[in-house]
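*Asks:* My questions will all concern the structure given below.
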Amino acid sequence: MITVPEGFGESLGDGAEAWAASLPKLATKACARWRLTPDGALMNGFCAVVLPVRQADGHPAVLKLTWVDEETEHEPLALRLYDGAGAVRLLDHDAELGALLLERLDPHSLDDEPVDLAIGVIGELMRRHRGLQAPSEIRRFSSELVDHPAVPPKLLDAARAAGTRPMGTTLVNEDLHYENVLRGHREPWLMIDPKPLSGDLEFGVLPLLRNRFDEMDGRKGLADRFHAVCDAGELDEDAARDWTLHRAVTNWIWCLEEDDEHAVICAEIAGWAAST
């Protein structure tokens with residue numbers, strides 16, 4: 001039924017390659033359970049594949065098969081809590097298969113729109129979701145900062161201090177960025193792929209600075225975008241700056257260890273956040 005992209009799943013963790021090899025069988029089982037007919041080419045992200053399908057009544061949908069870890073295990077719960085308000089609607093879920101049946105959206109994302117428009121849309125989503133409280137199942141923030149020889153000790157200390165800020169219990173999508181908001185039919189724009197966290201909405205600012213980084217004019221551009229995101233989402237700038245610093249240093253170290261090219265971007269954001 002599906003052909004898994006070569007190399008997919010190799011960097012996800014122990015057991016992921018075997019899971020990736022099993023995806024054709026999992027897709028067949030999910031389609032049989034929900035009486036789905038494939039209706040387009042397979043797509044994939046970093047930790048999931050998505051197959052356009054038709055339901056038994058002919059309505060379009062997508063079948064998503066996800067590698068389940070601590071970041072993704074509560075995606076179905078988060079989608080139920082959002083209940084389609086500014087987010088893709090969950091039609092069904094099979095925990096055993098790691099399968100989600102979702103409404104089908106247009107693949108056109110906010111990454112294809114002017115950044116000012118994109119920030120406005122995402123800010124509105126943040127405002128709409130401010131009142132959603134995360135249930136006890138949703139993971140809480142915990143600092144994972146470790147020493148690294150490439151990161152100045154003063155910057156590490158500042159990031160650790162920022163990470164001690166008290167956290168709230170709002171339902172936060174820590175991976176809310178431009179490519180994860182698609183054009184919808186019920187609403188103009190809908191969020192996909194939430195990575196739920198119990199905390200502060202301000203924790204979600206970093207991806208909006210890191211993505212489309214090359215469109216900004218140095219640190220002035222970075223500051224302008226930061227203020228624009230905070231204005232659009234009605235966020236507390238002090239909290240947003242602290243969490244941006246903490247996450248930028250954490251991601252910087254991860255990128256260095258994984259030889260990821262985004263290390264330079266995270267270092268620049270961290271330096272800016274620490275100096276403001």
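Naming works like this for the structure tokens: A, B, ... for the chains as they're shown, residue 1 at the start of each chain, ligands 1 onward in shown order.
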Where does range 186-238 of chain A meet range 64-83 of chain A within 9 Å, residue by residue, with the nearest atom pair and distance in Å to one decimal for each, counting only C-alpha atoms, listed by chain and rising number, as a Markdown table?
*Replies:*
```
| residue | atom | partner | partner_atom | distance |
| --- | --- | --- | --- | --- |
| A:Ile192 | CA | A:Leu79 | CA | 8.8 |
| A:Asp193 | CA | A:Glu75 | CA | 7.2 |
| A:Pro194 | CA | A:Glu75 | CA | 5.9 |
| A:Lys195 | CA | A:Glu71 | CA | 5.6 |
| A:Pro196 | CA | A:Ala78 | CA | 6.4 |
| A:Leu197 | CA | A:Glu71 | CA | 8.4 |
```
*Asks:* Write out as a PDB file with N, CA and C atoms, in the first residue's frame each polymer residue whose atoms come within 9 Å of Ala158 in chain A, counting only C-alpha atoms; drop sequence neighbours fewer than 4 positions from it.
*Replies:*
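The resulting selection.pdb:
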```pdb
ATOM      1  N   PRO A 153      30.414  29.686  29.469  1.00  0.00           N
ATOM      2  CA  PRO A 153      29.827  29.403  30.788  1.00  0.00           C
ATOM      3  C   PRO A 153      28.826  30.460  31.250  1.00  0.00           C
ATOM      4  N   LYS A 154      29.097  31.746  30.968  1.00  0.00           N
ATOM      5  CA  LYS A 154      28.168  32.802  31.389  1.00  0.00           C
ATOM      6  C   LYS A 154      26.818  32.648  30.701  1.00  0.00           C
ATOM      7  N   ALA A 162      17.312  31.377  33.631  1.00  0.00           N
ATOM      8  CA  ALA A 162      16.044  31.634  32.943  1.00  0.00           C
ATOM      9  C   ALA A 162      15.109  30.440  33.074  1.00  0.00           C
ATOM     10  N   GLY A 163      15.678  29.234  33.088  1.00  0.00           N
ATOM     11  CA  GLY A 163      14.875  28.019  33.171  1.00  0.00           C
ATOM     12  C   GLY A 163      14.267  27.756  34.528  1.00  0.00           C
ATOM     13  N   ASP A 242      13.056  34.967  28.550  1.00  0.00           N
ATOM     14  CA  ASP A 242      13.698  33.946  29.372  1.00  0.00           C
ATOM     15  C   ASP A 242      13.575  32.557  28.746  1.00  0.00           C
ATOM     16  N   LEU A 245      15.719  32.238  25.616  1.00  0.00           N
ATOM     17  CA  LEU A 245      17.123  32.027  25.960  1.00  0.00           C
ATOM     18  C   LEU A 245      17.367  30.581  26.375  1.00  0.00           C
ATOM     19  N   HIS A 246      16.533  30.087  27.268  1.00  0.00           N
ATOM     20  CA  HIS A 246      16.737  28.722  27.763  1.00  0.00           C
ATOM     21  C   HIS A 246      16.634  27.704  26.618  1.00  0.00           C
ATOM     22  N   ALA A 274      20.248  36.841  25.615  1.00  0.00           N
ATOM     23  CA  ALA A 274      21.013  37.082  26.836  1.00  0.00           C
ATOM     24  C   ALA A 274      21.438  38.539  26.966  1.00  0.00           C
TER      25      ALA A 274
END
```
*Asks:* Please identify every residue of range 165-198 of chain A that has at least one atom no farther than 12 Å from an atom of range 100-107 of chain A, counting only C-alpha atoms, and for each give the shortest atom pair and the distance in Å to one decimal, arranged by chain then increasing number, as a Markdown table.
*Replies:*
```
| residue | atom | partner | partner_atom | distance |
| --- | --- | --- | --- | --- |
| A:Glu179 | CA | A:Pro107 | CA | 9.3 |
| A:Asn180 | CA | A:Pro107 | CA | 9.8 |
| A:Val181 | CA | A:Pro107 | CA | 9.2 |
| A:Leu182 | CA | A:Pro107 | CA | 6.1 |
| A:Arg183 | CA | A:Asp106 | CA | 5.2 |
| A:Gly184 | CA | A:Leu105 | CA | 5.2 |
| A:His185 | CA | A:Leu105 | CA | 7.1 |
| A:Arg186 | CA | A:Leu105 | CA | 9.6 |
| A:Glu187 | CA | A:Leu105 | CA | 10.2 |
| A:Pro188 | CA | A:Asp106 | CA | 10.1 |
| A:Trp189 | CA | A:Leu105 | CA | 9.1 |
| A:Leu190 | CA | A:Leu105 | CA | 8.1 |
| A:Met191 | CA | A:Leu105 | CA | 10.0 |
| A:Ile192 | CA | A:Leu105 | CA | 9.4 |
| A:Asp193 | CA | A:Leu102 | CA | 10.8 |
```
*Asks:* Restricted to C-alpha atoms, what would the selected residues look like written as a CSV table (one decimal), in the first residue's frame?
*Replies:*
```
chain,number,residue,atom,x,y,z
A,179,GLU,CA,5.1,25.0,8.4
A,180,ASN,CA,2.8,23.5,11.0
A,181,VAL,CA,-0.1,25.7,10.2
A,182,LEU,CA,-2.0,24.7,7.0
A,183,ARG,CA,-4.8,26.2,5.0
A,184,GLY,CA,-8.1,24.7,6.1
A,185,HIS,CA,-11.7,24.5,5.0
A,186,ARG,CA,-13.6,25.0,8.2
A,187,GLU,CA,-11.2,27.9,9.1
A,188,PRO,CA,-8.7,29.7,7.0
A,189,TRP,CA,-5.7,28.3,9.0
A,190,LEU,CA,-5.4,25.2,11.2
A,191,MET,CA,-2.5,24.0,13.4
A,192,ILE,CA,-1.1,20.5,12.9
A,193,ASP,CA,1.4,18.2,14.7
```
*Asks:* Please run DSSP on the backbone and report, as a PyMOL selection string, all residues within range 7-238 of chain A that come out as strand (DSSP E).
*Replies:* chain A and resi 37-38+43-44+48-54+60-66+90-94+99-103+106-109+170-173+181-183+189-191+196-199
*Asks:* Restricting it to C-alpha atoms, dump the selection as an mmCIF file, in the first residue's frame.
*Replies:*
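Now in again-v4.cif:
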```cif
data_model
loop_
_atom_site.group_PDB
_atom_site.id
_atom_site.type_symbol
_atom_site.label_atom_id
_atom_site.label_comp_id
_atom_site.auth_asym_id
_atom_site.auth_seq_id
_atom_site.Cartn_x
_atom_site.Cartn_y
_atom_site.Cartn_z
ATOM 1 C CA THR A 37 -9.125 3.957 0.551
ATOM 2 C CA PRO A 38 -5.742 5.519 -0.320
ATOM 3 C CA MET A 43 4.043 12.328 2.621
ATOM 4 C CA ASN A 44 6.425 12.317 5.550
ATOM 5 C CA ALA A 48 5.509 10.471 10.934
ATOM 6 C CA VAL A 49 4.113 9.525 7.551
ATOM 7 C CA VAL A 50 0.801 10.825 6.243
ATOM 8 C CA LEU A 51 -1.372 9.114 3.639
ATOM 9 C CA PRO A 52 -4.315 10.908 1.989
ATOM 10 C CA VAL A 53 -7.371 8.634 2.162
ATOM 11 C CA ARG A 54 -11.091 8.530 1.493
ATOM 12 C CA PRO A 60 -11.423 13.042 2.383
ATOM 13 C CA ALA A 61 -9.142 12.514 5.376
ATOM 14 C CA VAL A 62 -5.527 11.640 6.118
ATOM 15 C CA LEU A 63 -4.056 8.655 7.914
ATOM 16 C CA LYS A 64 -1.088 9.620 10.084
ATOM 17 C CA LEU A 65 1.277 6.978 11.460
ATOM 18 C CA THR A 66 3.539 8.414 14.149
ATOM 19 C CA LEU A 90 -8.998 14.344 15.148
ATOM 20 C CA LEU A 91 -11.519 11.926 13.657
ATOM 21 C CA ASP A 92 -10.249 8.746 15.320
ATOM 22 C CA HIS A 93 -7.201 7.293 17.037
ATOM 23 C CA ASP A 94 -5.735 3.805 17.389
ATOM 24 C CA ALA A 99 -2.472 5.799 13.943
ATOM 25 C CA LEU A 100 -4.455 9.018 13.789
ATOM 26 C CA LEU A 101 -7.305 9.677 11.374
ATOM 27 C CA LEU A 102 -7.427 13.422 10.716
ATOM 28 C CA GLU A 103 -9.409 15.834 8.611
ATOM 29 C CA ASP A 106 -4.528 21.927 2.045
ATOM 30 C CA PRO A 107 -0.722 21.405 2.096
ATOM 31 C CA HIS A 108 -0.246 25.171 1.644
ATOM 32 C CA SER A 109 1.316 26.426 4.894
ATOM 33 C CA THR A 170 -1.543 26.097 29.997
ATOM 34 C CA LEU A 171 -1.676 23.611 27.126
ATOM 35 C CA VAL A 172 1.307 24.691 25.009
ATOM 36 C CA ASN A 173 2.344 23.478 21.564
ATOM 37 C CA VAL A 181 -0.130 25.747 10.215
ATOM 38 C CA LEU A 182 -1.976 24.715 7.040
ATOM 39 C CA ARG A 183 -4.804 26.192 5.034
ATOM 40 C CA TRP A 189 -5.705 28.284 8.966
ATOM 41 C CA LEU A 190 -5.385 25.240 11.214
ATOM 42 C CA MET A 191 -2.522 24.001 13.374
ATOM 43 C CA PRO A 196 1.960 19.309 23.886
ATOM 44 C CA LEU A 197 3.517 20.666 27.040
ATOM 45 C CA SER A 198 2.033 21.927 30.298
ATOM 46 C CA GLY A 199 3.533 25.379 30.838
#
```
*Asks:* Let's see if you can do this: from backbone DSSP, list all helix (DSSP H, G or I) residues in range 192-242 of chain A, as a PyMOL selection string.
*Replies:* chain A and resi 201-204+206-210+213-215+218-233+237-242
*Asks:* Selection from above, N, CA, C and O atoms, as a compact mmCIF listing (two decimals), in the first residue's frame, can you write it?
*Replies:*
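Output file out20.txt follows:
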```txt
# COMPACT_ATOMS: atom_id res chain seq x y z
N LEU A 201 2.55 29.85 27.47
CA LEU A 201 2.54 30.07 26.03
C LEU A 201 3.85 30.70 25.55
O LEU A 201 4.28 30.47 24.42
N GLU A 202 4.49 31.49 26.41
CA GLU A 202 5.74 32.15 26.04
C GLU A 202 6.85 31.14 25.71
O GLU A 202 7.82 31.47 25.03
N PHE A 203 6.69 29.90 26.16
CA PHE A 203 7.67 28.85 25.86
C PHE A 203 7.71 28.54 24.37
O PHE A 203 8.69 28.00 23.87
N GLY A 204 6.64 28.92 23.65
CA GLY A 204 6.54 28.56 22.24
C GLY A 204 7.11 29.57 21.27
O GLY A 204 6.94 29.42 20.05
N LEU A 206 10.37 30.43 20.54
CA LEU A 206 11.63 30.13 19.83
C LEU A 206 11.44 29.65 18.39
O LEU A 206 12.12 30.15 17.49
N PRO A 207 10.55 28.68 18.10
CA PRO A 207 10.42 28.22 16.71
C PRO A 207 10.05 29.33 15.73
O PRO A 207 10.39 29.26 14.54
N LEU A 208 9.38 30.37 16.21
CA LEU A 208 8.96 31.47 15.34
C LEU A 208 10.12 32.42 15.04
O LEU A 208 10.04 33.22 14.10
N LEU A 209 11.18 32.34 15.82
CA LEU A 209 12.39 33.11 15.55
C LEU A 209 13.39 32.27 14.75
O LEU A 209 14.04 32.78 13.83
N ARG A 210 13.50 31.01 15.11
CA ARG A 210 14.48 30.13 14.45
C ARG A 210 14.09 29.85 13.00
O ARG A 210 14.94 29.85 12.11
N PHE A 213 14.73 32.31 9.66
CA PHE A 213 15.74 33.19 10.28
C PHE A 213 16.43 34.07 9.25
O PHE A 213 16.77 35.23 9.53
N ASP A 214 16.65 33.51 8.05
CA ASP A 214 17.39 34.26 7.03
C ASP A 214 16.61 35.45 6.48
O ASP A 214 17.16 36.27 5.75
N GLU A 215 15.34 35.58 6.85
CA GLU A 215 14.54 36.72 6.40
C GLU A 215 14.71 37.93 7.30
O GLU A 215 14.20 39.01 7.00
N GLY A 218 19.70 40.85 10.78
CA GLY A 218 20.56 40.88 11.96
C GLY A 218 19.76 40.91 13.25
O GLY A 218 18.59 40.51 13.33
N ARG A 219 20.41 41.44 14.30
CA ARG A 219 19.78 41.44 15.62
C ARG A 219 18.60 42.42 15.70
O ARG A 219 17.67 42.19 16.46
N LYS A 220 18.64 43.48 14.90
CA LYS A 220 17.49 44.38 14.88
C LYS A 220 16.27 43.65 14.34
O LYS A 220 15.17 43.76 14.88
N GLY A 221 16.48 42.88 13.27
CA GLY A 221 15.38 42.11 12.71
C GLY A 221 14.87 41.05 13.68
O GLY A 221 13.67 40.79 13.76
N LEU A 222 15.80 40.45 14.41
CA LEU A 222 15.43 39.45 15.40
C LEU A 222 14.59 40.09 16.51
O LEU A 222 13.55 39.55 16.92
N ALA A 223 15.02 41.25 16.98
CA ALA A 223 14.26 41.96 18.01
C ALA A 223 12.88 42.36 17.49
O ALA A 223 11.87 42.23 18.20
N ASP A 224 12.82 42.84 16.24
CA ASP A 224 11.54 43.25 15.66
C ASP A 224 10.58 42.07 15.59
O ASP A 224 9.38 42.20 15.91
N ARG A 225 11.09 40.90 15.16
CA ARG A 225 10.20 39.75 15.07
C ARG A 225 9.76 39.29 16.46
O ARG A 225 8.59 38.94 16.65
N PHE A 226 10.67 39.29 17.40
CA PHE A 226 10.32 38.90 18.77
C PHE A 226 9.19 39.78 19.30
O PHE A 226 8.20 39.27 19.84
N HIS A 227 9.32 41.10 19.14
CA HIS A 227 8.27 42.00 19.62
C HIS A 227 6.97 41.78 18.86
O HIS A 227 5.88 41.84 19.45
N ALA A 228 7.07 41.49 17.56
CA ALA A 228 5.86 41.26 16.77
C ALA A 228 5.13 40.01 17.24
O ALA A 228 3.89 39.99 17.35
N VAL A 229 5.88 38.94 17.53
CA VAL A 229 5.27 37.70 18.02
C VAL A 229 4.60 37.94 19.37
O VAL A 229 3.46 37.52 19.61
N CYS A 230 5.30 38.64 20.27
CA CYS A 230 4.73 38.91 21.59
C CYS A 230 3.48 39.78 21.49
O CYS A 230 2.50 39.54 22.20
N ASP A 231 3.50 40.77 20.62
CA ASP A 231 2.32 41.62 20.43
C ASP A 231 1.15 40.81 19.89
O ASP A 231 0.02 40.92 20.37
N ALA A 232 1.43 39.99 18.87
CA ALA A 232 0.36 39.23 18.22
C ALA A 232 -0.27 38.22 19.18
O ALA A 232 -1.48 37.99 19.16
N GLY A 233 0.56 37.60 20.01
CA GLY A 233 0.06 36.59 20.93
C GLY A 233 -0.30 37.11 22.30
O GLY A 233 -0.72 36.33 23.17
N GLU A 237 6.68 39.73 27.60
CA GLU A 237 7.98 39.76 26.93
C GLU A 237 9.10 39.26 27.82
O GLU A 237 10.04 38.62 27.32
N ASP A 238 9.05 39.53 29.11
CA ASP A 238 10.11 39.04 29.99
C ASP A 238 10.12 37.51 30.04
O ASP A 238 11.18 36.88 29.94
N ALA A 239 8.93 36.93 30.18
CA ALA A 239 8.84 35.47 30.19
C ALA A 239 9.26 34.89 28.84
O ALA A 239 9.98 33.88 28.77
N ALA A 240 8.82 35.53 27.75
CA ALA A 240 9.16 35.04 26.42
C ALA A 240 10.67 35.09 26.19
O ALA A 240 11.25 34.18 25.60
N ARG A 241 11.31 36.16 26.67
CA ARG A 241 12.76 36.28 26.51
C ARG A 241 13.49 35.20 27.31
O ARG A 241 14.45 34.58 26.84
N ASP A 242 13.06 34.97 28.55
CA ASP A 242 13.70 33.95 29.37
C ASP A 242 13.57 32.56 28.75
O ASP A 242 14.55 31.81 28.65
```
*Asks:* Just checking: using only C-alpha atoms, which residue out of A:Ala56, A:Ala30, A:Val249, A:Gly40 ends up closest to Asp157 in chain A?
*Replies:*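 Of A:Ala56, A:Ala30, A:Val249, A:Gly40, the one nearest Asp157 in chain A, counting only C-alpha atoms, is A:Val249.
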*Asks:* State, in Å with one decimal place, the distance from CA of Lys29 in chain A to CA of Pro5 in chain A.
*Replies:*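 According to the coordinates, CA of Lys29 in chain A and CA of Pro5 in chain A are separated by 19.5 Å.
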*Asks:* Select, from A:Thr169, A:Asn211, A:Thr244, A:Asn251, the residue with the minimum atom-to-atom distance to Glu137 in chain A, counting only C-alpha atoms.
*Replies:*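 Ranked by minimum distance to Glu137 in chain A, first place goes to A:Thr169.
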*Asks:* Work out how far CA of Gly9 in chain A is from CA of Arg212 in chain A, in Å to one decimal.
*Replies:*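 Computing the Euclidean distance for CA of Arg212 in chain A and CA of Gly9 in chain A yields 25.3 Å.
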